[in-house]
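Novice: Please find run.cif (mmCIF, C-alpha atoms) on the next line:
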```
data_work
loop_
_atom_site.group_PDB
_atom_site.id
_atom_site.type_symbol
_atom_site.label_atom_id
_atom_site.label_comp_id
_atom_site.auth_asym_id
_atom_site.auth_seq_id
_atom_site.Cartn_x
_atom_site.Cartn_y
_atom_site.Cartn_z
ATOM 1 C CA MET A 875 -77.716 -4.164 9.639
ATOM 2 C CA THR A 876 -74.267 -3.466 11.037
ATOM 3 C CA ALA A 877 -72.891 -2.102 7.753
ATOM 4 C CA LEU A 878 -75.841 0.259 7.296
ATOM 5 C CA TYR A 879 -75.587 1.290 10.939
ATOM 6 C CA MET A 880 -71.867 1.974 10.597
ATOM 7 C CA ILE A 881 -72.377 4.019 7.433
ATOM 8 C CA SER A 882 -75.022 6.108 9.193
ATOM 9 C CA LYS A 883 -72.702 6.708 12.156
ATOM 10 C CA TYR A 884 -69.870 7.845 9.899
ATOM 11 C CA ILE A 885 -72.181 10.145 7.947
ATOM 12 C CA THR A 886 -73.476 11.626 11.197
ATOM 13 C CA PHE A 887 -70.152 11.513 13.055
ATOM 14 C CA PRO A 888 -70.616 14.856 14.888
ATOM 15 C CA GLY A 889 -73.865 13.595 16.410
ATOM 16 C CA ALA A 890 -72.441 10.139 17.105
ATOM 17 C CA TYR A 891 -69.478 11.702 18.873
ATOM 18 C CA MET A 892 -71.723 14.003 20.932
ATOM 19 C CA LYS A 893 -73.941 11.057 21.869
ATOM 20 C CA GLY A 894 -70.961 9.026 23.087
ATOM 21 C CA PHE A 895 -69.612 12.044 24.951
ATOM 22 C CA PHE A 896 -72.934 12.664 26.730
ATOM 23 C CA GLU A 897 -73.275 8.945 27.562
ATOM 24 C CA HIS A 898 -69.810 9.035 29.095
ATOM 25 C CA ILE A 899 -70.661 12.121 31.184
ATOM 26 C CA VAL A 900 -73.993 10.664 32.370
ATOM 27 C CA CYS A 901 -72.392 7.338 33.289
ATOM 28 C CA ARG A 902 -69.745 9.169 35.310
ATOM 29 C CA MET A 903 -72.369 11.341 37.027
ATOM 30 C CA LEU A 904 -74.528 8.336 37.935
ATOM 31 C CA LYS A 905 -71.497 6.202 38.786
ATOM 32 C CA ALA A 906 -72.545 3.578 36.239
ATOM 33 C CA ASP A 907 -69.803 1.108 35.379
ATOM 34 C CA ILE A 908 -68.150 1.789 32.029
ATOM 35 C CA TYR A 909 -66.528 -1.181 30.361
ATOM 36 C CA SER A 910 -64.846 0.745 27.552
ATOM 37 C CA ALA A 911 -64.893 4.359 26.386
ATOM 38 C CA GLU A 912 -61.656 4.898 24.506
ATOM 39 C CA LYS A 913 -63.293 6.000 21.234
ATOM 40 C CA TYR A 914 -66.835 7.248 20.657
ATOM 41 C CA VAL A 915 -66.991 6.532 16.916
ATOM 42 C CA LYS A 916 -65.746 3.001 16.246
ATOM 43 C CA ASN A 917 -65.916 0.293 13.575
ATOM 44 C CA ASN A 918 -68.514 -1.827 15.349
ATOM 45 C CA ALA A 919 -72.134 -1.844 16.474
ATOM 46 C CA LEU A 920 -71.286 0.330 19.489
ATOM 47 C CA SER A 921 -70.279 3.297 17.367
ATOM 48 C CA GLY A 922 -71.573 6.466 18.971
ATOM 49 C CA HIS A 923 -72.047 4.745 22.300
ATOM 50 C CA VAL A 924 -70.099 3.958 25.434
ATOM 51 C CA TYR A 925 -69.851 0.279 26.302
ATOM 52 C CA ILE A 926 -71.330 0.041 29.804
ATOM 53 C CA ILE A 927 -71.998 -2.730 32.259
ATOM 54 C CA PRO A 928 -75.813 -2.661 32.566
ATOM 55 C CA PRO A 929 -76.937 -0.863 35.744
ATOM 56 C CA THR A 930 -78.714 -2.974 38.318
ATOM 57 C CA GLY A 931 -81.394 -0.467 39.305
ATOM 58 C CA ALA A 932 -84.376 0.479 37.168
ATOM 59 C CA ALA A 933 -84.037 4.227 37.787
ATOM 60 C CA LYS A 934 -80.315 4.295 37.001
ATOM 61 C CA SER A 935 -80.893 2.201 33.892
ATOM 62 C CA PHE A 936 -83.615 4.601 32.726
ATOM 63 C CA LEU A 937 -81.470 7.684 33.368
ATOM 64 C CA VAL A 938 -78.468 6.215 31.541
ATOM 65 C CA CYS A 939 -80.707 5.690 28.509
ATOM 66 C CA PHE A 940 -82.714 8.925 28.783
ATOM 67 C CA LEU A 941 -80.339 11.739 29.777
ATOM 68 C CA PRO A 942 -77.782 11.544 26.916
ATOM 69 C CA GLY A 943 -80.591 11.618 24.374
ATOM 70 C CA LEU A 944 -82.198 14.529 26.182
ATOM 71 C CA PHE A 945 -78.927 16.481 26.077
ATOM 72 C CA ASN A 946 -78.517 15.701 22.381
ATOM 73 C CA PHE A 947 -82.133 16.713 21.742
ATOM 74 C CA ILE A 948 -81.733 20.057 23.510
ATOM 75 C CA LEU A 949 -78.540 20.794 21.613
ATOM 76 C CA GLY A 950 -79.822 19.566 18.256
ATOM 77 C CA ALA A 951 -83.411 20.831 18.294
ATOM 78 C CA ALA A 952 -82.514 24.483 18.735
ATOM 79 C CA SER A 953 -79.975 24.529 15.916
ATOM 80 C CA TYR A 954 -82.193 22.309 13.741
ATOM 81 C CA ALA A 955 -85.062 24.763 14.155
ATOM 82 C CA VAL A 956 -82.854 27.716 13.202
ATOM 83 C CA SER A 957 -81.545 26.010 10.074
ATOM 84 C CA ILE A 958 -84.962 24.677 9.025
ATOM 85 C CA VAL A 959 -86.640 28.058 9.477
ATOM 86 C CA THR A 960 -83.859 29.918 7.683
ATOM 87 C CA LEU A 961 -83.359 27.552 4.768
ATOM 88 C CA GLY A 962 -86.876 26.196 4.505
ATOM 89 C CA PHE A 963 -89.463 28.760 5.489
ATOM 90 C CA LEU A 964 -87.496 31.958 4.865
ATOM 91 C CA GLY A 965 -85.966 30.527 1.702
ATOM 92 C CA VAL A 966 -82.425 31.802 2.185
ATOM 93 C CA ARG A 967 -80.359 30.805 -0.844
ATOM 94 C CA TYR A 968 -76.833 31.590 -1.958
ATOM 95 C CA TRP A 969 -77.918 33.430 -5.073
ATOM 96 C CA ASP A 970 -81.059 35.565 -5.043
ATOM 97 C CA ILE A 971 -82.500 35.493 -8.561
ATOM 98 C CA PHE A 972 -84.601 38.628 -8.159
ATOM 99 C CA SER A 973 -82.051 40.997 -6.648
ATOM 100 C CA GLY A 974 -78.909 39.405 -8.062
ATOM 101 C CA THR A 975 -77.171 39.396 -4.680
ATOM 102 C CA ARG A 976 -75.167 36.662 -3.015
ATOM 103 C CA ASN A 977 -75.708 35.510 0.544
ATOM 104 C CA PRO A 978 -72.645 33.711 1.972
ATOM 105 C CA MET A 979 -74.596 32.939 5.170
ATOM 106 C CA PHE A 980 -76.338 30.233 3.140
ATOM 107 C CA PHE A 981 -73.302 27.985 3.627
ATOM 108 C CA VAL A 982 -73.268 28.642 7.375
ATOM 109 C CA TYR A 983 -76.913 27.575 7.568
ATOM 110 C CA CYS A 984 -76.184 24.467 5.494
ATOM 111 C CA VAL A 985 -73.362 23.459 7.854
ATOM 112 C CA LEU A 986 -75.654 24.164 10.812
ATOM 113 C CA LEU A 987 -78.326 21.966 9.208
ATOM 114 C CA TYR A 988 -75.811 19.133 8.777
ATOM 115 C CA PHE A 989 -74.552 19.324 12.374
ATOM 116 C CA SER A 990 -78.012 19.610 13.878
ATOM 117 C CA ALA A 991 -79.416 16.810 11.707
ATOM 118 C CA SER A 992 -76.483 14.588 12.676
ATOM 119 C CA ILE A 993 -77.196 15.277 16.339
ATOM 120 C CA MET A 994 -80.905 14.572 15.860
ATOM 121 C CA CYS A 995 -80.043 11.240 14.194
ATOM 122 C CA ASN A 996 -78.261 10.132 17.382
ATOM 123 C CA LEU A 997 -80.812 10.598 20.132
ATOM 124 C CA PHE A 998 -81.376 7.070 21.338
ATOM 125 C CA PRO A 999 -79.292 4.602 23.337
ATOM 126 C CA TYR A 1000 -77.764 1.376 22.148
ATOM 127 C CA TYR A 1001 -80.617 -1.074 21.548
ATOM 128 C CA GLU A 1002 -79.393 -3.641 24.080
ATOM 129 C CA ASP A 1003 -79.197 -0.917 26.747
ATOM 130 C CA ALA A 1004 -82.762 0.145 25.926
ATOM 131 C CA GLU A 1005 -83.917 -3.481 26.157
ATOM 132 C CA HIS A 1006 -82.174 -3.833 29.502
ATOM 133 C CA MET A 1007 -83.914 -0.667 30.738
ATOM 134 C CA TRP A 1008 -87.287 -2.044 29.623
ATOM 135 C CA LYS A 1009 -86.676 -5.354 31.398
ATOM 136 C CA LYS A 1010 -85.623 -3.552 34.572
ATOM 137 C CA LEU A 1011 -88.801 -1.458 34.524
ATOM 138 C CA TYR A 1012 -91.375 -3.920 33.169
ATOM 139 C CA GLY A 1013 -89.807 -7.390 33.311
ATOM 140 C CA LYS A 1014 -91.170 -10.289 35.340
ATOM 141 C CA LYS A 1015 -88.646 -10.086 38.175
ATOM 142 C CA ASN A 1016 -88.684 -6.381 38.902
ATOM 143 C CA ARG A 1017 -89.505 -4.487 42.048
ATOM 144 C CA THR A 1018 -90.231 -1.173 40.390
ATOM 145 C CA PRO A 1019 -93.037 0.759 42.128
ATOM 146 C CA LEU A 1020 -96.277 1.019 40.153
ATOM 147 C CA ILE A 1021 -96.229 4.826 40.083
ATOM 148 C CA LEU A 1022 -92.756 4.779 38.510
ATOM 149 C CA LYS A 1023 -93.941 2.245 35.924
ATOM 150 C CA ILE A 1024 -96.877 4.480 35.016
ATOM 151 C CA LEU A 1025 -94.821 7.682 34.845
ATOM 152 C CA LEU A 1026 -92.011 6.154 32.797
ATOM 153 C CA PHE A 1027 -94.081 4.061 30.395
ATOM 154 C CA ILE A 1028 -94.312 6.566 27.528
ATOM 155 C CA PRO A 1029 -90.683 7.781 27.722
ATOM 156 C CA SER A 1030 -89.472 4.171 28.014
ATOM 157 C CA ALA A 1031 -91.543 3.064 25.037
ATOM 158 C CA VAL A 1032 -90.260 5.997 22.963
ATOM 159 C CA ILE A 1033 -86.677 5.159 23.943
ATOM 160 C CA LEU A 1034 -87.121 1.487 23.028
ATOM 161 C CA VAL A 1035 -88.770 2.218 19.665
ATOM 162 C CA GLY A 1036 -86.266 4.997 18.906
ATOM 163 C CA ALA A 1037 -83.333 2.718 19.695
ATOM 164 C CA TYR A 1038 -84.797 0.115 17.337
ATOM 165 C CA ILE A 1039 -85.236 2.736 14.595
ATOM 166 C CA GLU A 1040 -81.697 4.023 15.079
ATOM 167 C CA ARG A 1041 -80.353 0.462 15.071
ATOM 168 C CA TYR A 1042 -81.417 0.082 11.436
ATOM 169 C CA ALA A 1043 -80.279 3.607 10.404
ATOM 170 C CA LEU A 1044 -83.863 4.725 9.821
ATOM 171 C CA SER A 1045 -83.296 7.935 11.789
ATOM 172 C CA LEU A 1046 -80.818 9.037 9.118
ATOM 173 C CA LEU A 1047 -83.266 8.196 6.336
ATOM 174 C CA ILE A 1048 -86.067 10.067 8.124
ATOM 175 C CA ASN A 1049 -83.880 13.175 8.489
ATOM 176 C CA ILE A 1050 -82.846 13.013 4.829
ATOM 177 C CA ALA A 1051 -86.489 12.702 3.790
ATOM 178 C CA LEU A 1052 -87.468 15.694 5.948
ATOM 179 C CA THR A 1053 -84.683 17.811 4.481
ATOM 180 C CA VAL A 1054 -85.586 16.854 0.914
ATOM 181 C CA CYS A 1055 -89.259 17.639 1.585
ATOM 182 C CA MET A 1056 -88.288 20.993 3.066
ATOM 183 C CA PHE A 1057 -86.476 22.016 -0.108
ATOM 184 C CA ALA A 1058 -88.970 20.356 -2.469
ATOM 185 C CA LEU A 1059 -92.012 22.085 -0.976
ATOM 186 C CA GLN A 1060 -90.632 25.568 -1.600
#
```
Give the structure from the file, written as C-alpha cells.
Specialist:
Amino acid sequence: MTALYMISKYITFPGAYMKGFFEHIVCRMLKADIYSAEKYVKNNALSGHVYIIPPTGAAKSFLVCFLPGLFNFILGAASYAVSIVTLGFLGVRYWDIFSGTRNPMFFVYCVLLYFSASIMCNLFPYYEDAEHMWKKLYGKKNRTPLILKILLFIPSAVILVGAYIERYALSLLINIALTVCMFALQ
C-alpha cells in the first residue's frame, strides 16, 4: 500500500503539494497543532499531508479534514472542466487532419489536464485524520449535538470513503480511467 501510495503522490506531485499547502493554511487558521510541516511531498505515508496533532473538538476536526479538500476541489474542478471540455468534447488536437493546421494550444491544455487531474487526485485528508474526525463526530464518547451529526453525516462519510480510496491510490487510477475514456470515446 505505501509504495503504491508514494508512487501516486510523486506522479501527482502538484496536487499533493497543493493539498499539503492548504492543510497547513487551514491548520494555522483554526489554530490546530501541527507536529511537522517541513516538506509537503515526502517519502512516507504522510506525503501530501501535514502531520498534525488530532484536534480535540468535533467541529475543528471536521474543518481540518474538509476545508483543504474543498480548496483543492475548487481549484481543480474549474481547470479540469476546461481541459476536459477542450480536449474531450471540442476535440482540440495538435494536428488537424482536415485543415492541415497545427494548434500549439493543445500542449497547454494537456498540461492543464495534468495539473488539474493531479489536484483532483488529492482531495481527501490522511486516512487516520478522517478516522479521527469520524470518531469525534459519531464515536461512543462524543458530545456532538444531534443536529450537527445529521448535517455532517454525508460530508463526513464522503471524506472517510474518499480518504480510504486515496490511501490505496485508487483516485489516481480513477482519473487515468476517466482520461482514457474521454479520448477513447471520441
Novice: Taking the file as shown, what set of residues would the PyMOL selection byres ((chain A and resi 1008) around 9) give back, as a list of chain:residue names?
Specialist: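 When the PyMOL selection byres ((chain A and resi 1008) around 9) is applied to the shown file, the picked residues are A:Ala932, A:Ser935, A:Phe936, A:Asp1003, A:Ala1004, A:Glu1005, A:His1006, A:Met1007, A:Lys1009, A:Lys1010, A:Leu1011, A:Tyr1012, A:Gly1013, A:Ser1030, A:Ala1031, A:Leu1034.
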Novice: May I ask which of the residues A:Ser953, A:Asp907, A:Glu897, A:Met994 is the closest one to Val982 (chain A), counting only C-alpha atoms?
Specialist: A:Ser953
Novice: What's the 9 Å shell around region 1043-1058 of chain A, counting only C-alpha atoms, without same-chain residues fewer than 4 positions away, as a ChimeraX atom specification?
Specialist: /A:875,878-883,885-886,958,961-963,965,987,991-992,994-996,1036,1038-1039
Novice: Mind pulling up the distance from CA of Ala933 (chain A) to CA of Phe887 (chain A)?
Specialist: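 About the pair CA of Phe887 (chain A) and CA of Ala933 (chain A): they are 29.3 Å apart.
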Novice: Between CA of Val985 (chain A) and CA of Leu997 (chain A), what is the distance in Å, rounded to a tenth?
Specialist: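 Between CA of Val985 (chain A) and CA of Leu997 (chain A) the gap is 19.3 Å.
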Novice: Please report the interatomic distance between CA of Tyr988 (chain A) and CA of Cys939 (chain A) in Å with one decimal.
Specialist: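 Atom-to-atom, CA of Tyr988 (chain A) and CA of Cys939 (chain A) are spaced 24.4 Å apart.
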